[in-house]
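*Asks:* target_11.pdb is the file, holding PDB, C-alpha atoms, pLDDT in the B column:
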```pdb
ATOM      1  CA  TYR A   1      -5.124  57.080 -76.950  1.00 61.00           C
ATOM      2  CA  LYS A   2      -3.202  55.370 -79.703  1.00 70.00           C
ATOM      3  CA  ASP A   3      -4.667  52.045 -80.778  1.00 80.00           C
ATOM      4  CA  GLU A   4      -1.856  50.043 -79.159  1.00 82.00           C
ATOM      5  CA  THR A   5      -2.242  52.002 -75.881  1.00 82.00           C
ATOM      6  CA  ALA A   6      -5.996  51.441 -75.815  1.00 83.00           C
ATOM      7  CA  LEU A   7      -5.547  47.743 -76.605  1.00 85.00           C
ATOM      8  CA  LYS A   8      -2.998  47.339 -73.807  1.00 86.00           C
ATOM      9  CA  TRP A   9      -5.357  49.039 -71.313  1.00 87.00           C
ATOM     10  CA  ILE A  10      -8.250  46.818 -72.378  1.00 87.00           C
ATOM     11  CA  THR A  11      -6.129  43.669 -72.126  1.00 88.00           C
ATOM     12  CA  GLU A  12      -4.278  44.388 -68.896  1.00 88.00           C
ATOM     13  CA  THR A  13      -6.798  46.483 -66.962  1.00 88.00           C
ATOM     14  CA  LEU A  14     -10.363  46.299 -68.243  1.00 88.00           C
ATOM     15  CA  ARG A  15     -10.535  42.623 -69.154  1.00 90.00           C
ATOM     16  CA  PRO A  16      -9.338  41.331 -65.732  1.00 88.00           C
ATOM     17  CA  ILE A  17     -11.918  43.574 -64.039  1.00 86.00           C
ATOM     18  CA  LEU A  18     -14.741  42.267 -66.227  1.00 87.00           C
ATOM     19  CA  GLU A  19     -13.632  38.673 -65.756  1.00 88.00           C
ATOM     20  CA  HIS A  20     -13.522  39.145 -61.986  1.00 85.00           C
ATOM     21  CA  LYS A  21     -16.989  40.738 -61.994  1.00 82.00           C
ATOM     22  CA  ASP A  22     -18.381  37.866 -64.063  1.00 84.00           C
ATOM     23  CA  LYS A  23     -16.795  35.358 -61.691  1.00 84.00           C
ATOM     24  CA  ILE A  24     -18.274  36.807 -58.489  1.00 80.00           C
ATOM     25  CA  GLY A  25     -21.687  37.419 -60.072  1.00 81.00           C
ATOM     26  CA  GLU A  26     -24.244  39.982 -58.997  1.00 79.00           C
ATOM     27  CA  LYS A  27     -23.309  41.289 -55.574  1.00 77.00           C
ATOM     28  CA  THR A  28     -24.141  44.500 -53.777  1.00 77.00           C
ATOM     29  CA  VAL A  29     -20.972  46.015 -52.434  1.00 74.00           C
ATOM     30  CA  LEU A  30     -22.472  49.220 -51.105  1.00 81.00           C
ATOM     31  CA  THR A  31     -26.117  50.235 -50.929  1.00 88.00           C
ATOM     32  CA  GLN A  32     -27.259  53.740 -51.792  1.00 90.00           C
ATOM     33  CA  GLU A  33     -28.174  54.298 -48.149  1.00 92.00           C
ATOM     34  CA  GLU A  34     -24.704  53.232 -46.969  1.00 92.00           C
ATOM     35  CA  PHE A  35     -23.110  55.453 -49.586  1.00 92.00           C
ATOM     36  CA  ASN A  36     -25.192  58.428 -48.447  1.00 94.00           C
ATOM     37  CA  VAL A  37     -24.164  57.892 -44.828  1.00 95.00           C
ATOM     38  CA  ALA A  38     -20.468  57.602 -45.777  1.00 94.00           C
ATOM     39  CA  ALA A  39     -20.668  60.734 -47.934  1.00 95.00           C
ATOM     40  CA  THR A  40     -22.386  62.668 -45.150  1.00 97.00           C
ATOM     41  CA  MET A  41     -19.746  61.558 -42.646  1.00 96.00           C
ATOM     42  CA  SER A  42     -16.930  62.629 -44.969  1.00 96.00           C
ATOM     43  CA  ASN A  43     -18.536  66.002 -45.543  1.00 96.00           C
ATOM     44  CA  SER A  44     -19.090  66.517 -41.823  1.00 97.00           C
ATOM     45  CA  ILE A  45     -15.332  66.158 -41.278  1.00 97.00           C
ATOM     46  CA  LEU A  46     -14.301  68.369 -44.184  1.00 96.00           C
ATOM     47  CA  GLN A  47     -16.879  71.092 -43.545  1.00 96.00           C
ATOM     48  CA  GLY A  48     -17.734  70.679 -39.856  1.00 96.00           C
ATOM     49  CA  GLU A  49     -17.921  73.624 -37.473  1.00 96.00           C
ATOM     50  CA  PHE A  50     -15.075  72.318 -35.300  1.00 97.00           C
ATOM     51  CA  THR A  51     -13.150  70.221 -37.821  1.00 97.00           C
ATOM     52  CA  LYS A  52     -12.835  72.536 -40.827  1.00 97.00           C
ATOM     53  CA  PRO A  53     -10.925  75.252 -38.908  1.00 97.00           C
ATOM     54  CA  ILE A  54      -8.345  72.627 -37.930  1.00 97.00           C
ATOM     55  CA  LEU A  55      -7.984  71.408 -41.511  1.00 97.00           C
ATOM     56  CA  ASP A  56      -7.617  74.996 -42.730  1.00 96.00           C
ATOM     57  CA  GLU A  57      -5.194  76.132 -40.024  1.00 96.00           C
ATOM     58  CA  PHE A  58      -2.032  75.023 -41.866  1.00 96.00           C
ATOM     59  CA  ASP A  59      -1.127  73.950 -45.366  1.00 95.00           C
ATOM     60  CA  GLY A  60      -1.148  70.221 -45.816  1.00 94.00           C
ATOM     61  CA  GLU A  61      -1.347  67.171 -48.018  1.00 95.00           C
ATOM     62  CA  PHE A  62      -3.543  64.084 -47.867  1.00 95.00           C
ATOM     63  CA  GLN A  63      -2.214  60.505 -47.919  1.00 94.00           C
ATOM     64  CA  VAL A  64       1.422  61.304 -47.173  1.00 96.00           C
ATOM     65  CA  GLU A  65       3.930  58.450 -47.054  1.00 95.00           C
ATOM     66  CA  ILE A  66       6.836  58.725 -44.611  1.00 97.00           C
ATOM     67  CA  TYR A  67       9.823  56.373 -44.539  1.00 95.00           C
ATOM     68  CA  HIS A  68      12.580  56.402 -41.918  1.00 95.00           C
ATOM     69  CA  ASP A  69      15.118  53.593 -41.492  1.00 92.00           C
ATOM     70  CA  ASP A  70      12.953  50.450 -41.686  1.00 91.00           C
ATOM     71  CA  LEU A  71       9.815  52.231 -40.458  1.00 94.00           C
ATOM     72  CA  LYS A  72       7.011  53.607 -42.588  1.00 95.00           C
ATOM     73  CA  ALA A  73       3.621  55.241 -42.230  1.00 96.00           C
ATOM     74  CA  LEU A  74       0.799  56.599 -44.359  1.00 96.00           C
ATOM     75  CA  LEU A  75      -0.652  59.766 -42.842  1.00 97.00           C
ATOM     76  CA  ASP A  76      -4.247  60.717 -43.639  1.00 96.00           C
ATOM     77  CA  LYS A  77      -3.089  64.327 -43.633  1.00 97.00           C
ATOM     78  CA  GLU A  78       0.203  66.023 -42.921  1.00 98.00           C
ATOM     79  CA  GLN A  79       0.043  69.670 -41.924  1.00 98.00           C
ATOM     80  CA  VAL A  80       3.137  71.863 -42.101  1.00 98.00           C
ATOM     81  CA  CYS A  81       3.846  75.562 -41.631  1.00 97.00           C
ATOM     82  CA  HIS A  82       7.350  76.266 -42.892  1.00 96.00           C
ATOM     83  CA  LYS A  83       7.179  79.867 -41.710  1.00 96.00           C
ATOM     84  CA  THR A  84       6.689  79.022 -38.040  1.00 97.00           C
ATOM     85  CA  LYS A  85       8.311  75.585 -38.383  1.00 98.00           C
ATOM     86  CA  VAL A  86       5.508  73.490 -36.951  1.00 98.00           C
ATOM     87  CA  ALA A  87       3.984  70.253 -38.219  1.00 98.00           C
ATOM     88  CA  ARG A  88       1.078  68.062 -37.174  1.00 98.00           C
ATOM     89  CA  VAL A  89      -0.520  64.695 -37.861  1.00 98.00           C
ATOM     90  CA  ILE A  90      -4.218  64.655 -38.720  1.00 98.00           C
ATOM     91  CA  ASP A  91      -6.048  61.320 -38.794  1.00 98.00           C
ATOM     92  CA  PHE A  92      -9.619  60.567 -39.870  1.00 98.00           C
ATOM     93  CA  LYS A  93     -11.712  58.043 -37.980  1.00 97.00           C
ATOM     94  CA  SER A  94     -15.253  56.749 -38.038  1.00 96.00           C
ATOM     95  CA  THR A  95     -17.171  55.057 -35.268  1.00 96.00           C
ATOM     96  CA  GLY A  96     -20.354  53.057 -35.011  1.00 94.00           C
ATOM     97  CA  ASP A  97     -21.048  54.546 -31.586  1.00 94.00           C
ATOM     98  CA  TYR A  98     -21.808  58.042 -30.360  1.00 95.00           C
ATOM     99  CA  LEU A  99     -18.915  60.484 -30.323  1.00 96.00           C
ATOM    100  CA  GLU A 100     -19.279  60.889 -26.558  1.00 95.00           C
ATOM    101  CA  LYS A 101     -17.927  57.348 -26.228  1.00 94.00           C
ATOM    102  CA  PHE A 102     -15.055  57.683 -28.671  1.00 96.00           C
ATOM    103  CA  LYS A 103     -12.459  58.212 -25.939  1.00 94.00           C
ATOM    104  CA  LYS A 104     -12.749  54.502 -25.078  1.00 93.00           C
ATOM    105  CA  SER A 105     -12.134  53.576 -28.715  1.00 95.00           C
ATOM    106  CA  ILE A 106      -8.763  55.331 -28.662  1.00 96.00           C
ATOM    107  CA  LEU A 107      -7.361  52.818 -26.207  1.00 91.00           C
ATOM    108  CA  ARG A 108      -9.410  49.895 -27.513  1.00 93.00           C
ATOM    109  CA  PHE A 109      -8.074  50.209 -31.065  1.00 96.00           C
ATOM    110  CA  GLY A 110      -4.653  51.628 -30.191  1.00 96.00           C
ATOM    111  CA  TYR A 111      -5.128  54.993 -31.865  1.00 97.00           C
ATOM    112  CA  ASN A 112      -2.778  56.476 -29.264  1.00 97.00           C
ATOM    113  CA  TYR A 113      -0.025  54.151 -30.539  1.00 97.00           C
ATOM    114  CA  GLN A 114      -0.802  55.038 -34.135  1.00 98.00           C
ATOM    115  CA  LEU A 115      -0.691  58.799 -33.686  1.00 98.00           C
ATOM    116  CA  SER A 116       2.368  58.637 -31.426  1.00 98.00           C
ATOM    117  CA  PHE A 117       4.197  56.561 -34.052  1.00 98.00           C
ATOM    118  CA  TYR A 118       3.110  58.900 -36.851  1.00 98.00           C
ATOM    119  CA  SER A 119       4.204  61.950 -34.861  1.00 98.00           C
ATOM    120  CA  TYR A 120       7.616  60.367 -34.312  1.00 98.00           C
ATOM    121  CA  LEU A 121       8.087  59.774 -38.033  1.00 98.00           C
ATOM    122  CA  LEU A 122       6.901  63.297 -38.777  1.00 98.00           C
ATOM    123  CA  GLN A 123       9.578  64.573 -36.385  1.00 98.00           C
ATOM    124  CA  CYS A 124      12.150  62.487 -38.261  1.00 98.00           C
ATOM    125  CA  LYS A 125      11.008  64.082 -41.499  1.00 97.00           C
ATOM    126  CA  TYR A 126      11.196  67.594 -40.036  1.00 98.00           C
ATOM    127  CA  PRO A 127      13.861  67.301 -37.300  1.00 98.00           C
ATOM    128  CA  THR A 128      14.083  71.055 -36.632  1.00 98.00           C
ATOM    129  CA  TYR A 129      10.326  71.612 -36.503  1.00 98.00           C
ATOM    130  CA  THR A 130       8.009  71.535 -33.487  1.00 98.00           C
ATOM    131  CA  ILE A 131       5.548  68.672 -33.786  1.00 98.00           C
ATOM    132  CA  LEU A 132       2.147  69.743 -32.487  1.00 98.00           C
ATOM    133  CA  GLU A 133      -0.232  67.447 -30.645  1.00 97.00           C
ATOM    134  CA  PRO A 134      -1.883  65.074 -33.153  1.00 98.00           C
ATOM    135  CA  ILE A 135      -5.592  65.322 -33.858  1.00 98.00           C
ATOM    136  CA  LEU A 136      -8.251  62.751 -34.698  1.00 98.00           C
ATOM    137  CA  LEU A 137     -11.188  64.040 -36.747  1.00 97.00           C
ATOM    138  CA  VAL A 138     -14.060  61.684 -36.022  1.00 97.00           C
ATOM    139  CA  SER A 139     -17.516  61.135 -37.480  1.00 97.00           C
ATOM    140  CA  SER A 140     -20.182  58.722 -36.300  1.00 97.00           C
ATOM    141  CA  VAL A 141     -22.573  56.442 -38.156  1.00 96.00           C
ATOM    142  CA  LYS A 142     -25.185  57.303 -35.538  1.00 95.00           C
ATOM    143  CA  GLU A 143     -24.844  61.042 -36.217  1.00 95.00           C
ATOM    144  CA  PRO A 144     -23.216  61.241 -39.673  1.00 96.00           C
ATOM    145  CA  GLU A 145     -23.898  64.938 -40.126  1.00 96.00           C
ATOM    146  CA  TYR A 146     -21.779  65.887 -37.117  1.00 96.00           C
ATOM    147  CA  ALA A 147     -18.022  65.449 -36.531  1.00 97.00           C
ATOM    148  CA  GLU A 148     -15.694  66.325 -33.666  1.00 97.00           C
ATOM    149  CA  PRO A 149     -11.920  66.679 -33.197  1.00 97.00           C
ATOM    150  CA  PHE A 150     -10.029  64.791 -30.478  1.00 97.00           C
ATOM    151  CA  THR A 151      -6.529  65.996 -29.586  1.00 97.00           C
ATOM    152  CA  LEU A 152      -4.011  63.662 -27.954  1.00 97.00           C
ATOM    153  CA  SER A 153      -1.797  65.478 -25.458  1.00 97.00           C
ATOM    154  CA  HIS A 154       1.984  65.326 -25.632  1.00 97.00           C
ATOM    155  CA  LYS A 155       1.791  63.287 -22.422  1.00 97.00           C
ATOM    156  CA  LEU A 156      -0.323  60.571 -24.074  1.00 97.00           C
ATOM    157  CA  VAL A 157       1.898  60.615 -27.161  1.00 97.00           C
ATOM    158  CA  LYS A 158       4.995  60.083 -25.014  1.00 97.00           C
ATOM    159  CA  GLU A 159       3.339  57.337 -22.933  1.00 97.00           C
ATOM    160  CA  ALA A 160       2.313  55.471 -26.085  1.00 97.00           C
ATOM    161  CA  GLU A 161       5.944  55.589 -27.194  1.00 98.00           C
ATOM    162  CA  GLU A 162       7.625  54.623 -23.917  1.00 97.00           C
ATOM    163  CA  GLY A 163       4.886  52.712 -22.048  1.00 96.00           C
ATOM    164  CA  TRP A 164       2.747  53.614 -19.044  1.00 95.00           C
ATOM    165  CA  THR A 165       0.836  52.296 -16.051  1.00 94.00           C
ATOM    166  CA  ASP A 166      -2.906  53.003 -16.069  1.00 91.00           C
ATOM    167  CA  GLN A 167      -5.132  53.994 -13.154  1.00 90.00           C
ATOM    168  CA  TYR A 168      -5.771  50.337 -12.314  1.00 91.00           C
ATOM    169  CA  GLY A 169      -2.094  49.505 -12.057  1.00 92.00           C
ATOM    170  CA  ASN A 170      -1.930  47.708 -15.395  1.00 91.00           C
ATOM    171  CA  LYS A 171       1.307  48.192 -17.303  1.00 93.00           C
ATOM    172  CA  HIS A 172       1.194  48.888 -21.030  1.00 94.00           C
ATOM    173  CA  LYS A 173       4.155  48.530 -23.363  1.00 95.00           C
ATOM    174  CA  GLY A 174       5.071  51.449 -25.590  1.00 97.00           C
ATOM    175  CA  TRP A 175       5.328  51.063 -29.353  1.00 97.00           C
ATOM    176  CA  ARG A 176       9.145  51.139 -29.192  1.00 96.00           C
ATOM    177  CA  GLU A 177       9.199  48.018 -27.020  1.00 94.00           C
ATOM    178  CA  LEU A 178       6.495  46.377 -29.124  1.00 93.00           C
ATOM    179  CA  ILE A 179       8.597  46.907 -32.261  1.00 92.00           C
ATOM    180  CA  ILE A 180      11.596  45.274 -30.577  1.00 88.00           C
ATOM    181  CA  ILE A 181       9.439  42.293 -29.564  1.00 83.00           C
ATOM    182  CA  ALA A 182       8.101  41.983 -33.107  1.00 84.00           C
ATOM    183  CA  LYS A 183      11.576  42.162 -34.640  1.00 83.00           C
ATOM    184  CA  ASN A 184      12.884  39.473 -32.297  1.00 77.00           C
ATOM    185  CA  TYR A 185       9.864  37.181 -32.442  1.00 71.00           C
ATOM    186  CA  ASN A 186      10.990  33.587 -32.977  1.00 70.00           C
ATOM    187  CA  GLN A 187       7.641  31.794 -32.716  1.00 65.00           C
ATOM    188  CA  GLU A 188       7.839  31.650 -28.930  1.00 69.00           C
ATOM    189  CA  MET A 189       4.698  32.342 -26.944  1.00 62.00           C
ATOM    190  CA  TYR A 190       4.493  35.544 -24.907  1.00 68.00           C
ATOM    191  CA  ASN A 191       1.164  34.734 -23.235  1.00 73.00           C
ATOM    192  CA  THR A 192       2.553  33.859 -19.814  1.00 73.00           C
ATOM    193  CA  GLU A 193      -0.882  33.048 -18.385  1.00 75.00           C
ATOM    194  CA  LEU A 194      -1.556  30.485 -21.096  1.00 80.00           C
ATOM    195  CA  ILE A 195       1.877  28.937 -20.626  1.00 78.00           C
ATOM    196  CA  THR A 196       1.378  28.720 -16.861  1.00 82.00           C
ATOM    197  CA  THR A 197      -2.266  27.647 -16.539  1.00 84.00           C
ATOM    198  CA  GLY A 198      -3.040  26.135 -19.933  1.00 83.00           C
ATOM    199  CA  THR A 199      -6.003  28.440 -20.510  1.00 85.00           C
ATOM    200  CA  ASN A 200      -7.006  32.082 -20.779  1.00 82.00           C
ATOM    201  CA  TYR A 201      -8.994  32.428 -17.561  1.00 79.00           C
ATOM    202  CA  ILE A 202     -11.764  35.059 -17.755  1.00 80.00           C
ATOM    203  CA  ASN A 203     -13.288  36.169 -14.478  1.00 78.00           C
ATOM    204  CA  GLU A 204     -14.811  39.523 -15.446  1.00 76.00           C
ATOM    205  CA  LEU A 205     -15.977  41.271 -18.621  1.00 70.00           C
TER     206      LEU A 205
END
```
So that I can check it, write out the structure of this file as structure tokens.

*Replies:*
Amino acid sequence: YKDETALKWITETLRPILEHKDKIGEKTVLTQEEFNVAATMSNSILQGEFTKPILDEFDGEFQVEIYHDDLKALLDKEQVCHKTKVARVIDFKSTGDYLEKFKKSILRFGYNYQLSFYSYLLQCKYPTYTILEPILLVSSVKEPEYAEPFTLSHKLVKEAEEGWTDQYGNKHKGWRELIIIAKNYNQEMYNTELITTGTNYINEL
């Protein structure tokens, strides 16, 4: 680097980092054991028996930004085959539980909404392409050396977009309706139970 370039980097980048480090003092951000687990989990996704073939099936890019109208998303991986005109969303997840229980996490954390929304934006980016069912590649802290893929069906993707009624009769809004609610939010409360009874009554966990 030229002297002026090096000086600018030291002043604007290095110095603030050092000052911040001095301010917070000695603090362990990540232990060696935690790092090893994270590295093993990452490798299990990239090289796993069931996950690697999916990652290698089509060409793709990591960390892909998609913008459409006033919507945006950051895909962990975008896969595209321009020859056959297909595209797919790949998302990486980790869990603190066993992989056998991950299905419950999909609904708990709204991963169905996320992948449905991402698939919609991918379709907007490639309007003439067929968008394949999105896939979650998941590793577990409990078994970091092993990863599994979870594919969301087109049915689940569509339900997450438009809304659905579950097996218990509970109605769930789709992400399209949720976006409309968010855009029109004017500080009013939507918790009808709280408005009616004055409390969030819990009878069963």

*Asks:* Which residues match the PyMOL selection byres ((chain A and resi 65) around 10) in the file above, as a VMD selection string?

*Replies:* chain A and resid 62 to 64 66 to 67 72 to 78

*Asks:* Keeping only C-alpha atoms, take the residues you just selected and write them out as an mmCIF file, in the frame of the given file.

*Replies:*
```cif
data_model
loop_
_atom_site.group_PDB
_atom_site.id
_atom_site.type_symbol
_atom_site.label_atom_id
_atom_site.label_comp_id
_atom_site.auth_asym_id
_atom_site.auth_seq_id
_atom_site.Cartn_x
_atom_site.Cartn_y
_atom_site.Cartn_z
ATOM 1 C CA PHE A 62 -3.543 64.084 -47.867
ATOM 2 C CA GLN A 63 -2.214 60.505 -47.919
ATOM 3 C CA VAL A 64 1.422 61.304 -47.173
ATOM 4 C CA ILE A 66 6.836 58.725 -44.611
ATOM 5 C CA TYR A 67 9.823 56.373 -44.539
ATOM 6 C CA LYS A 72 7.011 53.607 -42.588
ATOM 7 C CA ALA A 73 3.621 55.241 -42.230
ATOM 8 C CA LEU A 74 0.799 56.599 -44.359
ATOM 9 C CA LEU A 75 -0.652 59.766 -42.842
ATOM 10 C CA ASP A 76 -4.247 60.717 -43.639
ATOM 11 C CA LYS A 77 -3.089 64.327 -43.633
ATOM 12 C CA GLU A 78 0.203 66.023 -42.921
#
```

*Asks:* Would you kindly translate the PyMOL selection byres ((chain A and resi 139-156) around 8) into the concrete residues it picks from this file, as a ChimeraX atom specification?

*Replies:* /A:37-38,40-45,48,50-51,93-99,112,133-138,157-160

*Asks:* Which residues match the PyMOL selection byres ((chain A and resi 86) around 12) in the file above, as a list in words?

*Replies:*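 In the shown coordinates, the PyMOL selection byres ((chain A and resi 86) around 12) covers Glu57, Phe58, Asp59, Gly60, Glu78, Gln79, Val80, Cys81, His82, Lys83, Thr84, Lys85, Ala87, Arg88, Val89, Ser119, Leu122, Gln123, Lys125, Tyr126, Pro127, Thr128, Tyr129, Thr130, Ile131, Leu132, Glu133 and Pro134 of chain A.
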
*Asks:* Report, in Å with one decimal, the straight-line distance from atom CA of Glu161 of chain A to atom CA of Tyr113 of chain A.

*Replies:*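 Calculated distance between atom CA of Glu161 of chain A and atom CA of Tyr113 of chain A is 7.0 Å.
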
*Asks:* Mind giving me the straight-line distance from atom CA of Ser116 of chain A to atom CA of Glu162 of chain A in Å, one decimal?

*Replies:* 10.0 Å

*Asks:* How big is the axis-aligned box around all listed atoms of segment 147-165 of chain A once 4 Å goes on each side, and where's its centre, in Å to one decimal, as AutoDock Vina command-line options?

*Replies:*
```
--center_x -5.2 --center_y 59.5 --center_z -26.3 --size_x 33.6 --size_y 22.4 --size_z 28.5
```

*Asks:* Would you mind reading off the distance between atom CA of Gln32 of chain A and atom CA of Glu100 of chain A, one decimal, in Å?

*Replies:*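 Result for atom CA of Gln32 of chain A versus atom CA of Glu100 of chain A: 27.4 Å, one decimal.
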